[in-house]
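Novice: Got run_23.tsv for you, TSV, C-alpha atoms:
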```
chain	number	residue	atom	x	y	z
A	1	MET	CA	-92.09	-20.77	43.29
A	2	SER	CA	-90.73	-17.98	45.51
A	3	ARG	CA	-88.10	-20.32	47.02
A	4	SER	CA	-86.94	-21.35	43.54
A	5	LEU	CA	-86.71	-17.70	42.52
A	6	ALA	CA	-84.69	-16.87	45.64
A	7	VAL	CA	-82.28	-19.75	44.97
A	8	ASN	CA	-81.79	-18.58	41.38
A	9	GLN	CA	-81.18	-15.03	42.54
A	10	ASN	CA	-78.62	-16.23	45.08
A	11	ALA	CA	-76.88	-18.30	42.41
A	12	VAL	CA	-76.74	-15.29	40.09
A	13	SER	CA	-75.42	-13.13	42.94
A	14	VAL	CA	-72.63	-15.61	43.74
A	15	PHE	CA	-71.74	-15.88	40.08
A	16	GLU	CA	-71.57	-12.09	39.75
A	17	VAL	CA	-69.27	-11.83	42.76
A	18	LEU	CA	-66.97	-14.54	41.42
A	19	ALA	CA	-66.95	-12.89	38.01
A	20	ALA	CA	-66.04	-9.56	39.61
A	21	TYR	CA	-63.09	-11.09	41.48
A	22	ALA	CA	-61.98	-12.86	38.31
A	23	ALA	CA	-62.11	-9.54	36.42
A	24	LEU	CA	-59.98	-8.01	39.15
A	25	THR	CA	-57.10	-10.30	38.12
A	26	LYS	CA	-57.27	-9.25	34.43
A	27	PRO	CA	-57.35	-12.81	33.03
A	28	ARG	CA	-56.33	-11.83	29.49
A	29	LEU	CA	-53.16	-10.14	30.66
A	30	VAL	CA	-52.38	-13.00	33.04
A	31	SER	CA	-52.81	-15.49	30.19
A	32	MET	CA	-50.16	-13.62	28.17
A	33	VAL	CA	-47.86	-13.65	31.20
A	34	LEU	CA	-48.38	-17.39	31.59
A	35	LEU	CA	-47.72	-18.03	27.90
A	36	SER	CA	-44.36	-16.28	27.98
A	37	THR	CA	-43.48	-17.94	31.31
A	38	ALA	CA	-44.28	-21.38	29.87
A	39	VAL	CA	-42.16	-20.73	26.79
A	40	GLY	CA	-39.27	-19.53	28.96
A	41	PHE	CA	-39.48	-22.68	31.08
A	42	TYR	CA	-39.67	-24.95	28.04
A	43	LEU	CA	-36.69	-23.33	26.37
A	44	GLY	CA	-34.67	-23.41	29.57
A	45	PHE	CA	-35.48	-26.99	30.46
A	46	GLY	CA	-33.13	-29.71	29.28
A	47	SER	CA	-34.60	-33.20	28.88
A	48	GLY	CA	-36.83	-35.55	30.80
A	49	THR	CA	-40.12	-34.89	32.53
A	50	PHE	CA	-40.78	-31.50	34.06
A	51	SER	CA	-44.40	-31.83	35.17
A	52	PHE	CA	-44.05	-30.81	38.83
A	53	PRO	CA	-41.68	-27.83	38.52
A	54	PHE	CA	-43.58	-26.65	35.45
A	55	PHE	CA	-46.97	-26.69	37.15
A	56	ALA	CA	-45.50	-25.17	40.31
A	57	VAL	CA	-44.09	-22.15	38.49
A	58	MET	CA	-47.23	-21.74	36.37
A	59	ILE	CA	-49.56	-21.76	39.38
A	60	ALA	CA	-47.26	-19.47	41.35
A	61	THR	CA	-46.94	-17.06	38.43
A	62	ALA	CA	-50.69	-17.01	37.87
A	63	LEU	CA	-51.29	-16.13	41.53
A	64	VAL	CA	-48.60	-13.45	41.72
A	65	ALA	CA	-49.60	-11.94	38.37
A	66	GLY	CA	-53.29	-12.00	39.25
A	67	GLY	CA	-52.53	-10.48	42.64
A	68	SER	CA	-50.49	-7.68	41.10
A	69	MET	CA	-53.33	-6.90	38.68
A	70	ALA	CA	-55.81	-6.71	41.56
A	71	LEU	CA	-53.50	-4.50	43.62
A	72	ASN	CA	-52.86	-2.31	40.58
A	73	GLN	CA	-56.61	-1.73	40.27
A	74	TYR	CA	-56.73	-0.90	43.96
A	75	LEU	CA	-53.95	1.67	43.55
A	76	GLU	CA	-55.49	3.14	40.40
A	77	ARG	CA	-59.12	3.11	41.52
A	78	ALA	CA	-59.42	6.90	41.36
A	79	SER	CA	-58.00	7.24	37.84
A	80	ASP	CA	-59.96	4.18	36.67
A	81	ALA	CA	-63.17	5.93	37.72
A	82	ARG	CA	-62.31	8.87	35.46
A	83	MET	CA	-61.54	6.80	32.36
A	84	ILE	CA	-64.37	5.57	30.15
A	85	ARG	CA	-62.37	2.44	29.26
A	86	THR	CA	-62.00	1.43	32.92
A	87	GLN	CA	-65.15	2.78	34.59
A	88	ASN	CA	-66.73	-0.67	34.57
A	89	ARG	CA	-63.87	-2.37	36.37
A	90	PRO	CA	-64.90	-4.04	39.65
A	91	ILE	CA	-63.83	-1.26	42.04
A	92	PRO	CA	-65.07	1.91	40.26
A	93	SER	CA	-68.31	0.15	39.29
A	94	GLY	CA	-68.94	-0.71	42.95
A	95	ARG	CA	-69.02	-4.48	42.49
A	96	ILE	CA	-66.04	-4.86	44.83
A	97	ARG	CA	-65.03	-2.50	47.62
A	98	SER	CA	-61.48	-1.19	47.57
A	99	ARG	CA	-60.58	-2.84	50.88
A	100	GLU	CA	-61.80	-6.20	49.57
A	101	ALA	CA	-59.64	-5.78	46.48
A	102	LEU	CA	-56.62	-4.96	48.66
A	103	VAL	CA	-57.12	-8.06	50.80
A	104	PHE	CA	-57.79	-10.30	47.80
A	105	GLY	CA	-54.79	-9.06	45.80
A	106	SER	CA	-52.49	-9.34	48.79
A	107	ALA	CA	-53.72	-12.83	49.67
A	108	ILE	CA	-53.27	-14.39	46.25
A	109	SER	CA	-49.91	-12.64	45.80
A	110	LEU	CA	-48.67	-14.11	49.07
A	111	SER	CA	-50.00	-17.52	48.07
A	112	GLY	CA	-48.04	-17.32	44.83
A	113	PHE	CA	-44.84	-16.31	46.62
A	114	PHE	CA	-45.35	-19.20	49.06
A	115	ILE	CA	-45.36	-21.64	46.13
A	116	PHE	CA	-42.35	-19.93	44.57
A	117	ILE	CA	-40.36	-20.17	47.80
A	118	PHE	CA	-41.12	-23.79	48.64
A	119	TRP	CA	-41.56	-25.43	45.23
A	120	THR	CA	-39.36	-23.59	42.75
A	121	ASN	CA	-35.99	-21.93	43.51
A	122	TRP	CA	-34.65	-18.69	44.92
A	123	VAL	CA	-33.75	-17.20	41.53
A	124	SER	CA	-37.27	-17.46	40.11
A	125	THR	CA	-38.69	-16.30	43.45
A	126	LEU	CA	-36.49	-13.20	43.44
A	127	LEU	CA	-37.37	-12.41	39.82
A	128	ALA	CA	-41.08	-12.82	40.59
A	129	PHE	CA	-40.80	-10.45	43.53
A	130	VAL	CA	-38.89	-7.86	41.47
A	131	THR	CA	-41.56	-8.09	38.77
A	132	TRP	CA	-44.40	-7.71	41.28
A	133	ALA	CA	-42.79	-4.89	43.25
A	134	SER	CA	-41.58	-2.85	40.27
A	135	TYR	CA	-44.96	-3.11	38.57
A	136	LEU	CA	-46.85	-1.90	41.63
A	137	PHE	CA	-44.47	0.51	43.31
A	138	VAL	CA	-42.40	1.90	40.44
A	139	TYR	CA	-44.41	1.72	37.22
A	140	THR	CA	-47.87	2.41	38.68
A	141	PRO	CA	-47.00	5.67	40.49
A	142	LEU	CA	-44.88	6.87	37.54
A	143	LYS	CA	-47.91	6.71	35.22
A	144	SER	CA	-49.22	9.93	36.73
A	145	ARG	CA	-45.82	11.68	36.60
A	146	THR	CA	-43.91	10.99	33.40
A	147	SER	CA	-44.27	9.69	29.86
A	148	LEU	CA	-41.28	7.43	30.55
A	149	SER	CA	-43.56	5.21	32.62
A	150	THR	CA	-44.28	3.14	29.50
A	151	VAL	CA	-40.60	2.23	29.17
A	152	VAL	CA	-40.35	1.52	32.89
A	153	GLY	CA	-43.46	-0.65	32.76
A	154	ALA	CA	-41.98	-2.70	29.94
A	155	LEU	CA	-39.22	-3.90	32.26
A	156	PRO	CA	-41.38	-5.99	34.63
A	157	GLY	CA	-43.52	-6.90	31.63
A	158	ALA	CA	-40.52	-8.58	30.01
A	159	LEU	CA	-39.50	-10.67	33.02
A	160	PRO	CA	-42.04	-13.57	32.90
A	161	PRO	CA	-40.08	-15.67	30.35
A	162	VAL	CA	-36.97	-15.12	32.46
A	163	ILE	CA	-38.89	-16.34	35.51
A	164	GLY	CA	-39.82	-19.49	33.60
A	165	TRP	CA	-36.22	-19.97	32.48
A	166	ALA	CA	-34.94	-19.52	36.04
A	167	ALA	CA	-37.49	-22.02	37.37
A	168	ALA	CA	-36.19	-24.59	34.87
A	169	GLN	CA	-32.45	-23.97	35.26
A	170	GLY	CA	-32.06	-22.37	38.67
A	171	ALA	CA	-30.10	-19.53	37.04
A	172	VAL	CA	-30.27	-16.99	34.23
A	173	ASN	CA	-27.84	-16.48	31.37
A	174	PHE	CA	-27.45	-14.62	28.10
A	175	GLN	CA	-30.08	-16.74	26.38
A	176	ALA	CA	-32.63	-15.79	29.04
A	177	ALA	CA	-31.65	-12.15	28.49
A	178	LEU	CA	-32.53	-12.55	24.81
A	179	LEU	CA	-36.05	-13.60	25.76
A	180	PHE	CA	-36.27	-10.55	27.99
A	181	LEU	CA	-35.17	-8.21	25.19
A	182	ILE	CA	-37.63	-9.67	22.69
A	183	ILE	CA	-40.60	-9.14	25.01
A	184	PHE	CA	-39.31	-5.71	26.07
A	185	PHE	CA	-39.01	-4.34	22.53
A	186	TRP	CA	-42.28	-6.00	21.49
A	187	GLN	CA	-44.18	-4.27	24.28
A	188	MET	CA	-43.39	-0.76	23.11
A	189	PRO	CA	-45.31	-0.65	19.79
A	190	HIS	CA	-48.00	-2.79	21.44
A	191	PHE	CA	-48.57	-0.40	24.35
A	192	LEU	CA	-48.02	2.76	22.30
A	193	SER	CA	-50.86	1.69	20.01
A	194	ILE	CA	-53.14	1.19	23.01
A	195	ALA	CA	-52.04	4.52	24.46
A	196	TRP	CA	-52.88	6.31	21.22
A	197	MET	CA	-56.29	4.66	20.89
A	198	TYR	CA	-57.26	5.70	24.42
A	199	ARG	CA	-55.29	8.94	24.71
A	200	ALA	CA	-58.39	10.97	25.64
A	201	ASP	CA	-59.00	8.62	28.56
A	202	TYR	CA	-55.42	8.90	29.77
A	203	GLU	CA	-55.60	12.69	29.57
A	204	ARG	CA	-58.87	12.66	31.50
A	205	ALA	CA	-57.17	10.57	34.19
A	206	GLY	CA	-54.24	12.99	34.41
A	207	GLN	CA	-51.64	10.55	33.11
A	208	PRO	CA	-49.01	12.36	30.97
A	209	ILE	CA	-48.11	9.45	28.75
A	210	LEU	CA	-46.50	10.06	25.37
A	211	SER	CA	-49.76	9.96	23.40
A	212	VAL	CA	-51.16	12.74	25.62
A	213	ILE	CA	-48.09	14.96	25.21
A	214	ASP	CA	-47.62	14.27	21.49
A	215	ARG	CA	-51.01	15.36	20.17
A	216	GLU	CA	-50.14	14.98	16.49
A	217	GLY	CA	-48.75	11.48	16.97
A	218	ARG	CA	-45.46	12.04	15.17
A	219	LEU	CA	-43.28	11.12	18.12
A	220	VAL	CA	-45.51	8.16	18.99
A	221	ALA	CA	-45.21	6.85	15.43
A	222	ARG	CA	-41.45	7.42	15.45
A	223	GLN	CA	-41.09	5.52	18.71
A	224	MET	CA	-43.10	2.61	17.30
A	225	ILE	CA	-40.77	2.40	14.31
A	226	VAL	CA	-37.60	2.70	16.43
A	227	TYR	CA	-38.61	-0.10	18.77
A	228	MET	CA	-39.76	-2.23	15.84
A	229	CYS	CA	-36.35	-1.74	14.22
A	230	ALA	CA	-34.75	-2.93	17.47
A	231	LEU	CA	-37.12	-5.89	17.80
A	232	LEU	CA	-36.43	-7.36	14.36
A	233	PRO	CA	-32.68	-8.10	14.79
A	234	VAL	CA	-33.07	-9.05	18.46
A	235	SER	CA	-35.76	-11.59	17.55
A	236	LEU	CA	-33.23	-13.38	15.32
A	237	LEU	CA	-30.55	-13.78	18.01
A	238	PRO	CA	-31.97	-16.99	19.61
A	239	SER	CA	-30.92	-18.90	16.49
A	240	LEU	CA	-27.45	-17.36	16.51
A	241	PHE	CA	-26.95	-18.40	20.13
A	242	MET	CA	-28.22	-21.98	19.66
A	243	LEU	CA	-31.50	-21.52	21.48
A	244	THR	CA	-33.50	-22.20	18.33
A	245	GLY	CA	-32.66	-23.40	14.83
A	246	VAL	CA	-32.70	-22.20	11.24
A	247	PRO	CA	-36.48	-22.55	10.67
A	248	TYR	CA	-37.11	-20.18	13.57
A	249	PHE	CA	-34.60	-17.69	12.15
A	250	PHE	CA	-36.39	-17.39	8.82
A	251	GLY	CA	-39.82	-17.54	10.43
A	252	ALA	CA	-38.92	-14.75	12.86
A	253	PHE	CA	-37.47	-12.70	10.00
A	254	LEU	CA	-40.67	-12.97	7.95
A	255	LEU	CA	-42.81	-12.23	10.99
A	256	GLY	CA	-40.69	-9.18	11.77
A	257	ILE	CA	-41.00	-7.88	8.22
A	258	CYS	CA	-44.78	-8.30	8.36
A	259	PHE	CA	-45.06	-6.60	11.75
A	260	ALA	CA	-42.76	-3.78	10.65
A	261	SER	CA	-44.87	-3.28	7.51
A	262	VAL	CA	-47.98	-2.84	9.64
A	263	VAL	CA	-46.23	-0.34	11.92
A	264	ILE	CA	-44.89	1.68	8.97
A	265	PHE	CA	-48.32	1.59	7.28
A	266	ALA	CA	-50.02	2.81	10.47
A	267	ALA	CA	-47.50	5.52	11.35
A	268	PRO	CA	-48.84	8.31	9.06
A	269	ASN	CA	-52.40	7.98	10.37
A	270	LEU	CA	-52.57	6.53	13.87
A	271	ASP	CA	-56.11	7.77	14.38
A	272	LEU	CA	-57.35	5.24	11.85
A	273	ARG	CA	-54.63	2.60	11.98
A	274	ALA	CA	-53.33	2.25	15.56
A	275	ARG	CA	-55.70	-0.67	16.05
A	276	TYR	CA	-53.91	-2.51	13.23
A	277	VAL	CA	-50.66	-2.29	15.20
A	278	LEU	CA	-52.38	-3.63	18.31
A	279	ARG	CA	-53.83	-6.63	16.50
A	280	ALA	CA	-50.63	-7.32	14.58
A	281	SER	CA	-48.57	-7.17	17.78
A	282	VAL	CA	-50.70	-9.82	19.50
A	283	ALA	CA	-50.55	-12.12	16.49
A	284	TYR	CA	-46.81	-11.53	16.09
A	285	LEU	CA	-45.93	-12.50	19.65
A	286	ALA	CA	-48.16	-15.57	19.69
A	287	VAL	CA	-46.67	-16.94	16.45
A	288	LEU	CA	-43.11	-16.03	17.44
A	289	LEU	CA	-43.35	-17.88	20.74
A	290	MET	CA	-44.93	-20.83	18.95
A	291	LEU	CA	-41.99	-20.93	16.54
A	292	MET	CA	-39.58	-20.96	19.48
A	293	VAL	CA	-41.29	-23.96	21.02
A	294	ILE	CA	-41.53	-25.86	17.75
A	295	ASP	CA	-37.95	-25.18	16.72
A	296	LYS	CA	-36.19	-25.62	20.05
A	297	ILE	CA	-32.83	-27.31	19.56
```
Using the file provided, produce a representation of the structure as structure tokens.

Specialist:
Amino acid sequence: MSRSLAVNQNAVSVFEVLAAYAALTKPRLVSMVLLSTAVGFYLGFGSGTFSFPFFAVMIATALVAGGSMALNQYLERASDARMIRTQNRPIPSGRIRSREALVFGSAISLSGFFIFIFWTNWVSTLLAFVTWASYLFVYTPLKSRTSLSTVVGALPGALPPVIGWAAAQGAVNFQAALLFLIIFFWQMPHFLSIAWMYRADYERAGQPILSVIDREGRLVARQMIVYMCALLPVSLLPSLFMLTGVPYFFGAFLLGICFASVVIFAAPNLDLRARYVLRASVAYLAVLLMLMVIDKI
């Protein structure tokens, strides 16, 4: 009986360790990165089978993205410990030591770059490195210094579909730039809603983001509306530049109107309605990318 109990305890312990390392990679965020990368590859690919290059870039992106998330948690371990929302992350909760997180994040990042270098092409490899480096060494330190960090962070956040496009074509062009702009403008109302919902946490961590500076929320709401107004016309451009067809155009227009309506509805009372913007933003992007895939010319 005691041996069986010990085996079960060991199994639980191993599972907890694996779960902690998985949490270190932020799987939900990585899944969004992979979705946009896959759509970028699909739109950039011509005809024929693309199984090997597709799986190569997806595995490489997953490793680099997961590694950057782990290294981000290593760099932000002190602020994470001060925020209620992040206190249970693997490092501040004590499930993983900071040195272990550093080694793990570095190892899987290097593994991803290895795959990029040898099984994709130099353009996608360079874009992946720029994304990884700017996220960790530009955006992350800026979070504790300026409210503009949100805009800066949206730049590497918008590169995954371009990485997918580059892996398919070996180059980037204006159509790939359109994908970048769509994700860039989409991120702003998405992240501003999160920032408003958890503004007390960000203030506690000493991060002067816009929602901390703008206590009444007027500027935050205005920024949401401005970026939404930019997103709507930009989201229609793929059809005008022969990346998608007419059904996508009208679908994107209706989606944009719906998303804009939610943002405008939420703007006067972000305390109660910021969560609506967050949920609508996730649904908007998922459906928009689906329309792109379905309506590819």

Novice: Which of these, A:Thr150, A:Ser68, A:Thr86, A:Ser235, has the shortest distance to Leu136 (chain A) once you count all atoms listed in the file?

Specialist: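 Distance minimum relative to Leu136 (chain A) lands on A:Ser68.
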
Novice: I need the residue nearest Val234 (chain A) from this list: A:Leu127, A:Asn121, A:Asn269, A:Phe184. Use only C-alpha atoms for the distance.

Specialist: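 Of all the options, A:Phe184 lies closest to Val234 (chain A).
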
Novice: For Arg77 (chain A), list every protein, DNA or RNA residue within 12 Å, evaluated using all atoms listed in the file, and leave out those in the same chain fewer than 3 positions away; present the list as an MDAnalysis selection string.

Specialist: chainID A and resid 24 69:74 80:83 86:94 96:99 101:102 140 205

Novice: Which is closest to Ser147 (chain A) among A:Ile108, A:Val123, A:Leu179, A:Val212, if we use all atoms listed in the file?

Specialist: A:Val212

Novice: For Gln187 (chain A), find every residue with an atom within 9 Å (counting all atoms listed in the file), except residues of its own chain fewer than 4 positions away, and show them as a list in words.

Specialist: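 Selected residues are Val151, Ala154, Gly157, Ala158, Ile182, Ile183, Phe191, Leu192, Tyr227 and Ser281 of chain A.
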
Novice: What is the CA of Ala200 (chain A) to CA of Val277 (chain A) distance in Å?

Specialist: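 Calculated distance between CA of Ala200 (chain A) and CA of Val277 (chain A) is 18.6 Å.
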
Novice: Some atoms are missing, so please complete region 197-229 of chain A with N, CA and C atoms and return it as a compact mmCIF listing (two decimals), in the frame of the given file.

Specialist:
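Result file rebuild.txt:
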```txt
# COMPACT_ATOMS: atom_id res chain seq x y z
N MET A 197 -54.85 4.91 21.05
CA MET A 197 -56.29 4.66 20.89
C MET A 197 -57.10 5.25 22.04
N TYR A 198 -56.53 5.24 23.24
CA TYR A 198 -57.26 5.70 24.42
C TYR A 198 -56.62 6.94 25.03
N ARG A 199 -56.00 7.77 24.20
CA ARG A 199 -55.29 8.94 24.71
C ARG A 199 -56.22 9.92 25.43
N ALA A 200 -57.46 10.06 24.96
CA ALA A 200 -58.39 10.97 25.64
C ALA A 200 -58.68 10.49 27.06
N ASP A 201 -58.78 9.19 27.23
CA ASP A 201 -59.00 8.62 28.56
C ASP A 201 -57.81 8.89 29.48
N TYR A 202 -56.61 8.68 28.95
CA TYR A 202 -55.42 8.90 29.77
C TYR A 202 -55.29 10.37 30.17
N GLU A 203 -55.64 11.27 29.26
CA GLU A 203 -55.60 12.69 29.57
C GLU A 203 -56.64 13.02 30.64
N ARG A 204 -57.81 12.43 30.52
CA ARG A 204 -58.87 12.66 31.50
C ARG A 204 -58.43 12.18 32.89
N ALA A 205 -57.63 11.12 32.92
CA ALA A 205 -57.17 10.57 34.19
C ALA A 205 -55.93 11.29 34.72
N GLY A 206 -55.41 12.24 33.95
CA GLY A 206 -54.24 12.99 34.41
C GLY A 206 -52.94 12.23 34.29
N GLN A 207 -52.85 11.33 33.31
CA GLN A 207 -51.64 10.55 33.11
C GLN A 207 -50.89 11.08 31.88
N PRO A 208 -49.74 11.71 32.08
CA PRO A 208 -49.01 12.36 30.97
C PRO A 208 -48.18 11.39 30.13
N ILE A 209 -48.83 10.40 29.58
CA ILE A 209 -48.11 9.45 28.75
C ILE A 209 -47.81 10.10 27.40
N LEU A 210 -46.99 9.45 26.60
CA LEU A 210 -46.50 10.06 25.37
C LEU A 210 -47.63 10.47 24.43
N SER A 211 -48.66 9.66 24.32
CA SER A 211 -49.76 9.96 23.40
C SER A 211 -50.56 11.18 23.84
N VAL A 212 -50.49 11.53 25.12
CA VAL A 212 -51.16 12.74 25.62
C VAL A 212 -50.32 13.97 25.31
N ILE A 213 -49.00 13.84 25.47
CA ILE A 213 -48.09 14.96 25.21
C ILE A 213 -47.95 15.23 23.72
N ASP A 214 -47.82 14.16 22.94
CA ASP A 214 -47.62 14.27 21.49
C ASP A 214 -48.97 14.21 20.79
N ARG A 215 -49.63 15.33 20.67
CA ARG A 215 -51.01 15.36 20.17
C ARG A 215 -51.13 15.02 18.69
N GLU A 216 -50.09 15.28 17.92
CA GLU A 216 -50.14 14.98 16.49
C GLU A 216 -49.73 13.53 16.19
N GLY A 217 -49.10 12.89 17.13
CA GLY A 217 -48.75 11.48 16.97
C GLY A 217 -47.45 11.22 16.24
N ARG A 218 -46.70 12.26 15.92
CA ARG A 218 -45.46 12.04 15.17
C ARG A 218 -44.41 11.33 16.01
N LEU A 219 -44.27 11.76 17.25
CA LEU A 219 -43.28 11.12 18.12
C LEU A 219 -43.71 9.70 18.49
N VAL A 220 -44.99 9.50 18.69
CA VAL A 220 -45.51 8.16 18.99
C VAL A 220 -45.19 7.22 17.84
N ALA A 221 -45.48 7.67 16.61
CA ALA A 221 -45.21 6.85 15.43
C ALA A 221 -43.73 6.57 15.29
N ARG A 222 -42.89 7.59 15.55
CA ARG A 222 -41.45 7.42 15.45
C ARG A 222 -40.95 6.40 16.47
N GLN A 223 -41.48 6.48 17.68
CA GLN A 223 -41.09 5.52 18.71
C GLN A 223 -41.49 4.10 18.34
N MET A 224 -42.67 3.93 17.76
CA MET A 224 -43.10 2.61 17.30
C MET A 224 -42.10 2.04 16.30
N ILE A 225 -41.69 2.86 15.35
CA ILE A 225 -40.77 2.40 14.31
C ILE A 225 -39.40 2.08 14.90
N VAL A 226 -38.92 2.92 15.81
CA VAL A 226 -37.60 2.70 16.43
C VAL A 226 -37.57 1.38 17.18
N TYR A 227 -38.59 1.13 17.99
CA TYR A 227 -38.61 -0.10 18.77
C TYR A 227 -38.83 -1.32 17.87
N MET A 228 -39.58 -1.14 16.79
CA MET A 228 -39.76 -2.23 15.84
C MET A 228 -38.43 -2.55 15.16
N CYS A 229 -37.66 -1.53 14.83
CA CYS A 229 -36.35 -1.74 14.22
C CYS A 229 -35.39 -2.45 15.18
```
